[in-house]
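*Asks:* Once you've had a glance at the structure underneath, I'll fire off some questions.
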Amino acid sequence: MTPPPIPTPSAPPEKVILQDFPDRLSPILVKELRQGLRQPAFLIAFLCLQVLMCIVVLTAAAAHRGPTEDSAAGVMVSGFFFGLLGIVLLVVQPLRGLNALASEIKNDTLDLLLLTRLNAWRITSGKWFALVSQSALLVVAVLPYLIMRYYLGGMQLFSELLGLGFLFLVSASVTAMMVGFSATPSVLLRGLVAAGLVVFLLVSMQGFSVFYMFRRMGGLFSVLSPSTADQYRSLAAVILMFVFCGYYLLEMGATNISPAAENRSTMKRTVGLVMLGTLYFLVPDLTGMLISFWMIVVILLVIDAVSERSEFTASVLRPFHRLGTAGRIGGWFLLPGWPNGLLYVLLLGVATMLMTATELLVSVDVDESAAVVAACFAILLLPAAIRVVFMQRMRNPFAAYIIALMGSLVVGIVLLSLVAATGGREGVLPLILLSPICGFLMLGGNEYTGGVLALESMGAMIYWGVAMLCAAPHRERVAALYRHLDNKSENPTPPAPPADDP
Amino acid sequence: MIPAIQVENLHRHFGQLRAVDGVSFEIPAGCVCGFIGSNGAGKTTAMRILATLDYPTHGNVRIGGVDVVEEPWKVRHRLGWMPDHFHVYAHMSVTEFIDFHARALGFRGAERRQRVTEVMEFTDLAVIGDRPADKLSKGMTQRLCLGRALIHDPEVLILDEPAAGLDPKARVELKHLIRLLADEGKTIFISSHILSELGEMCDSLVFINHGKIVHHGDAQSLLRHTESNGGILLDVQLAADPAALAHWCRMQPNLEFVETTKSGGRLRMANEDPVQIAALLARMIKDGLPVIEFHREQRNLEAAFMEMVSRTAHAPPPLIRPASMEQTKP
């Protein structure tokens with residue numbers, strides 16, 4: 001239906017011609033591309049990359065003495081190619097993402113976006129996709145140099161293209177994480193993440209370039225070129241982990257900016273459970289790999305679940321209400337907010353116990369792996385309990401949780417050092433209930449593993465119980481919302497006239 | 001007939017602070033209603049709830065009969081929102097800005113171009129369509145903000161301080177645009193500090209103070225209301241130190257010295273009996289006050305507003321006990 005025109009001027013207006021992007025593209029993607037392609041950060045990165053690659057290729061061509069199997073000039077060009085592109089894709093582009101949602105929050109423009117048909121997920125994913133599109137543009141723009149490098153000799157075309165694809169995947173994943181993290185209002189936290197990313201990736205890139213130049217990427221490319229079924233499954237699991245971590249951080253960002261009437265938690269928690277199930281069946285029978293990947297996913301899910309805002313409106317509850325008893329039971333685990341997140345953590349704990357029990361049948365270090373898992377849960381649940389007991393007044397629960405987590409880790413390490421310096425390791429055991437990181441640090445093939453496992457498990461249950469006690473008012477509010485929906489379904493109000501959809 | 005805006009017992013609590021405390025009013029379709037209150041009175045909080053950007057602790061708000069909490073997405077189709085602080089994106093032209101919002105509101109193809117063109121013509125932005133949106137003057141930025149709110153031709157417009165920071169020319173132009181929209185039959189709920197303009201523009205006025213409605217009616221009813229309760233104001237100019245007037249007033253029955261003006265003072269008299277006013281002037285002259293001007297002050301909305309605020313100024317912001325710090329609407 002065409003809306004009635006607003007006051008028409010005397011002469012019919014000329015239509016505005018703006019056809020730079022087609023209608024089928026997401027509006028937020030169009031906006032971000034219009035802005036992003038004009039931003040100095042993109043233009044400078046684009047021009048620097050072109051100029052530097054040009055210089056490198058010309059220098060290599062001047063030094064070139066004919067194509068050989070082991071051309072030093074060719075290897076040098078590839079090294080610079082991956083090094084420079086890596087810095088742009090893994091440092092510059094992700095750092096731009098770290099400001100994506102923060103700028104909307106800071107300038108109060110987020111409200112205007114949420115009043116349109118864009119929901120929090122479309123806004124967040126649109127911003128990420130725009131950055132990835134710009135990364136793709138940067139990659140395509142430097143591809144001719146890789147083709148020119150082919151004539152300098154010593155090129156492993158398939159492997160280098162695979163390496164480029166892997167670099168792009170990692171860049172997309174890290175950018176997604178940064179876009180998701182950009183919804184955190186704390187400037188300090190974002191600054192720390194930015195600094196950490198730069199240091200970590202620059203160190204990695206240095207190793208990557210040196211490795212490439214002197215070892216010609218043989219080892220890495222063999223991982224990227226699997227031959228056995230187990231290698232294929234391992235590679236698929238690695239790729240899946242990058243995709244999941246990127247997706248989940250984006251969802252965390254979307255949750256952070258979503259209004260109280262929008263439920264993002266049900267989807268992301270369900271995807272988290274599906275991811276764990278997929279990992280269980282996908283990852284080959286290498287106990288260490290499955291437990292590592294599983295715990296990375298669980299840590300992400302737990303941190304998010306126990307630090308979510310607990311505000312939502314009756315409209316969020318309606319789909320669960322419609323499903324009756326099954327819906328209410330599902331709601332315990334999947335409704336937004338940390339109180340329901342705690343129940344979801346319980347579900348994760350049970351799933352982890354089952355996974356550990358089945359996987360550890362083939363393992364020698366049964367107790368130690370179980371103790372590591374228990375310690376991880378205890379380490380993550382202690383700050384959750386601290387936050388809900390002492391830090392309820394902090395406006396951003398995620399920032400409060402991270403502060404509590406960092407604080408508990410630092411205090412634990414200091415305590416461990418003091419006690420271990422004075423009385424040996426036996427004195428540390430009682431400390432585990434107060435500071436679970438102590439138990440984690442004590443592990444390592446010694447006689448304390450059984451004690452650590454028992455104390456860490458007990459600690460995790462205590463912290464979970466304390467946090468659940470603090471969730472009682474929330475449960476009452478949810479019950480009131482259900483009663484409200486019960487009343488509404490018994491006494492429905494006459495429907496409002498339909499809105500004029502544009 | 002369903003009111004365009006219906007607010008019933010609206011509460012919004014932030015911790016212990018009751019930002020909005022039991023507000024109720026209705027605005028019929030096609031009306032222009034002014035929302036008046038001092039800073040921190042709860043205007044923006046209430047308006048944000050109406051615009052589905054916040055949610056009530058208690059109470060109901062309906063726009064065109066649709067509940068803002070139950071079906072916010074339906075409400076958003078019906079209303080246009082203009083915030084008090086409006087930031088535009090960098091690296092984007094005026095046309096691109098409007099075009100982006102048209103896309104985000106679901107317009108496609110020729111219809112989108114048509115809407116963008118109409119809105120830009122209506123707000124006089126067409127001539128500066130290629131200029132960077134973040135380099136506009138305050139007046140033009142407000143036009144851009146209004147244009148953005150009009151793209152989907154909403155039935156209800158909620159305008160939070162649209163004239164704040166504008167120069168007189170831009171203010172007149174904005175007022176003109178709002179009048180045109182009112183003539184189109186749109187329901188407009190507008191907050192502003194420029195009360196005289198609201199008095200001219202609005203069919204009704206809602207006064208809020210400390211989160212509570214203190215008056216709801218037209219401008220004339222407000223003037224009558226405050227005047228009948230507060231007496232009349234007299235403006236006296238002296239050819240001497242104004243302190244003498246203040247000192248003299250303290251000794252007079254039924255007379256209150258309100259404030260010092262440039263060369264005299266403002267007095268409040270308990271009743272408006274002309275005989276008593278004349279007697280007051282006679283007493284002043286008799287007591288040696290060099291009166292050079294004496295007239296009854298013509299009350300305006302600002303004075304009425306100040307009167308209204310001063311009456312409730314002694315009441316502290318309402319607080320609630322921590323036990324009731326709930327955030328979720330049942």
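Convention: chains lettered A, B, ... in structure tokens order; per-chain residue numbering from 1; ligands numbered from 1 as shown.
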Quick one: residues within 12 Å of region 273-286 of chain B, only C-alpha atoms counted, chain neighbours fewer than 3 positions away excluded, as number ranges by chain?

*Replies:* B: 231-238, 244-249, 251-255, 267-270, 289-296

*Asks:* Output the selection as a PDB file, in the first residue's frame - C-alpha atoms for each residue.

*Replies:*
ATOM      1  CA  GLY B 231      -3.122  36.022  42.685  1.00  0.00           C
ATOM      2  CA  ILE B 232      -2.037  38.718  40.225  1.00  0.00           C
ATOM      3  CA  LEU B 233       1.384  40.085  39.441  1.00  0.00           C
ATOM      4  CA  LEU B 234       2.182  43.807  39.439  1.00  0.00           C
ATOM      5  CA  ASP B 235       5.225  45.292  37.747  1.00  0.00           C
ATOM      6  CA  VAL B 236       6.499  48.412  39.526  1.00  0.00           C
ATOM      7  CA  GLN B 237       9.324  50.632  38.271  1.00  0.00           C
ATOM      8  CA  LEU B 238      10.923  53.152  40.643  1.00  0.00           C
ATOM      9  CA  ALA B 244      13.235  50.266  49.177  1.00  0.00           C
ATOM     10  CA  LEU B 245      10.325  48.589  47.404  1.00  0.00           C
ATOM     11  CA  ALA B 246      11.199  45.201  48.826  1.00  0.00           C
ATOM     12  CA  HIS B 247      11.464  46.662  52.320  1.00  0.00           C
ATOM     13  CA  TRP B 248       8.129  48.434  51.931  1.00  0.00           C
ATOM     14  CA  CYS B 249       6.383  45.306  50.664  1.00  0.00           C
ATOM     15  CA  MET B 251       5.199  45.632  55.868  1.00  0.00           C
ATOM     16  CA  GLN B 252       2.100  45.378  53.675  1.00  0.00           C
ATOM     17  CA  PRO B 253      -0.686  42.851  54.201  1.00  0.00           C
ATOM     18  CA  ASN B 254      -1.724  40.605  51.256  1.00  0.00           C
ATOM     19  CA  LEU B 255       1.333  41.629  49.246  1.00  0.00           C
ATOM     20  CA  LEU B 267       4.879  41.994  43.357  1.00  0.00           C
ATOM     21  CA  ARG B 268       2.132  39.467  43.863  1.00  0.00           C
ATOM     22  CA  MET B 269      -1.184  40.651  45.200  1.00  0.00           C
ATOM     23  CA  ALA B 270      -3.602  38.188  46.755  1.00  0.00           C
ATOM     24  CA  LEU B 289       8.156  55.577  46.850  1.00  0.00           C
ATOM     25  CA  PRO B 290       9.040  57.394  43.561  1.00  0.00           C
ATOM     26  CA  VAL B 291       6.822  55.238  41.308  1.00  0.00           C
ATOM     27  CA  ILE B 292       7.358  55.957  37.606  1.00  0.00           C
ATOM     28  CA  GLU B 293       5.490  52.939  36.219  1.00  0.00           C
ATOM     29  CA  PHE B 294       2.825  50.684  37.717  1.00  0.00           C
ATOM     30  CA  HIS B 295       0.960  48.095  35.700  1.00  0.00           C
ATOM     31  CA  ARG B 296      -0.589  44.692  35.929  1.00  0.00           C
TER      32      ARG B 296
END

*Asks:* Near region 177-189 of chain B, counting only C-alpha atoms, which residues have an atom at most 9 Å away, once you skip same-chain residues fewer than 6 positions from it, shown as a list of chain:residue names?

*Replies:* A:Ile6, A:Pro7, B:Ala4, B:Ile5, B:Ile27, B:Pro28, B:Ala29, B:Gly30, B:Cys31, B:Val32, B:Cys33, B:Gly34, B:Phe35, B:Met47, B:Phe122, B:Thr123, B:Arg143, B:Pro154, B:Glu155, B:Val156, B:Leu157, B:Ile158, B:Leu159, B:Asp160, B:Met201, B:Cys202

*Asks:* Need to verify the contact set: region 112-125 of chain A, 7 Å, only C-alpha atoms, exclusion of same-chain residues closer than 5 positions in sequence. Can you return it as a ChimeraX atom specification?

*Replies:* /A:28,250-251,253-254,257-258 /B:76,104-106

*Asks:* For Gln392 (chain A), please output as a PDB file with C-alpha atoms, in the first residue's frame all residues within 12 Å (counting only C-alpha atoms; exclusion window: fewer than 4 positions along the same chain).

*Replies:*
ATOM      1  CA  SER A 307      26.596 -11.810  32.142  1.00  0.00           C
ATOM      2  CA  ARG A 309      21.028  -8.259  31.048  1.00  0.00           C
ATOM      3  CA  SER A 310      17.927  -9.660  32.738  1.00  0.00           C
ATOM      4  CA  TRP A 338      21.666 -14.230  33.497  1.00  0.00           C
ATOM      5  CA  ALA A 384      29.314 -14.673  38.232  1.00  0.00           C
ATOM      6  CA  ALA A 385      28.498 -15.089  41.919  1.00  0.00           C
ATOM      7  CA  ILE A 386      30.638 -12.068  42.870  1.00  0.00           C
ATOM      8  CA  ARG A 387      28.852  -9.945  40.268  1.00  0.00           C
ATOM      9  CA  VAL A 388      25.312 -10.794  41.342  1.00  0.00           C
ATOM     10  CA  ASN A 396      26.770  -3.116  32.275  1.00  0.00           C
ATOM     11  CA  PRO A 397      26.719  -6.702  33.569  1.00  0.00           C
ATOM     12  CA  PHE A 398      29.252  -7.919  30.998  1.00  0.00           C
ATOM     13  CA  ALA A 399      31.822  -5.297  32.017  1.00  0.00           C
ATOM     14  CA  ALA A 400      31.131  -6.085  35.681  1.00  0.00           C
ATOM     15  CA  TYR A 401      31.632  -9.783  35.039  1.00  0.00           C
ATOM     16  CA  ALA A 404      35.196  -9.689  38.592  1.00  0.00           C
ATOM     17  CA  ALA A 467      24.089 -16.915  42.076  1.00  0.00           C
ATOM     18  CA  CYS A 470      20.156 -14.039  43.933  1.00  0.00           C
ATOM     19  CA  ALA A 471      18.026 -14.863  40.887  1.00  0.00           C
TER      20      ALA A 471
ATOM     21  CA  GLY B  15      16.699   2.247  40.683  1.00  0.00           C
ATOM     22  CA  MET B 325      13.454  -1.848  42.138  1.00  0.00           C
TER      23      MET B 325
END

*Asks:* Considering only C-alpha atoms, state which residue in the set B:Ala164, B:Ile49, B:Val61, B:Leu222 is at the smallest distance from Glu26 (chain B).

*Replies:*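 Result for the nearest residue to Glu26 (chain B): B:Val61.
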
*Asks:* When you look at Pro339 (chain A) with a cut-off of 7 Å (counting only C-alpha atoms), what residues show up, excluding the ones that are within fewer than 3 positions of it in the same chain? I need them as a PyMOL selection string.

*Replies:* chain A and resi 342+468+471+474

*Asks:* Skipping near chain neighbours, those fewer than 5 positions away, what residues fall within 9 Å of Ala260 (chain A) using only C-alpha atoms, listed as a PyMOL selection string?

*Replies:* (chain A and resi 311-313+316) or (chain B and resi 53-55)
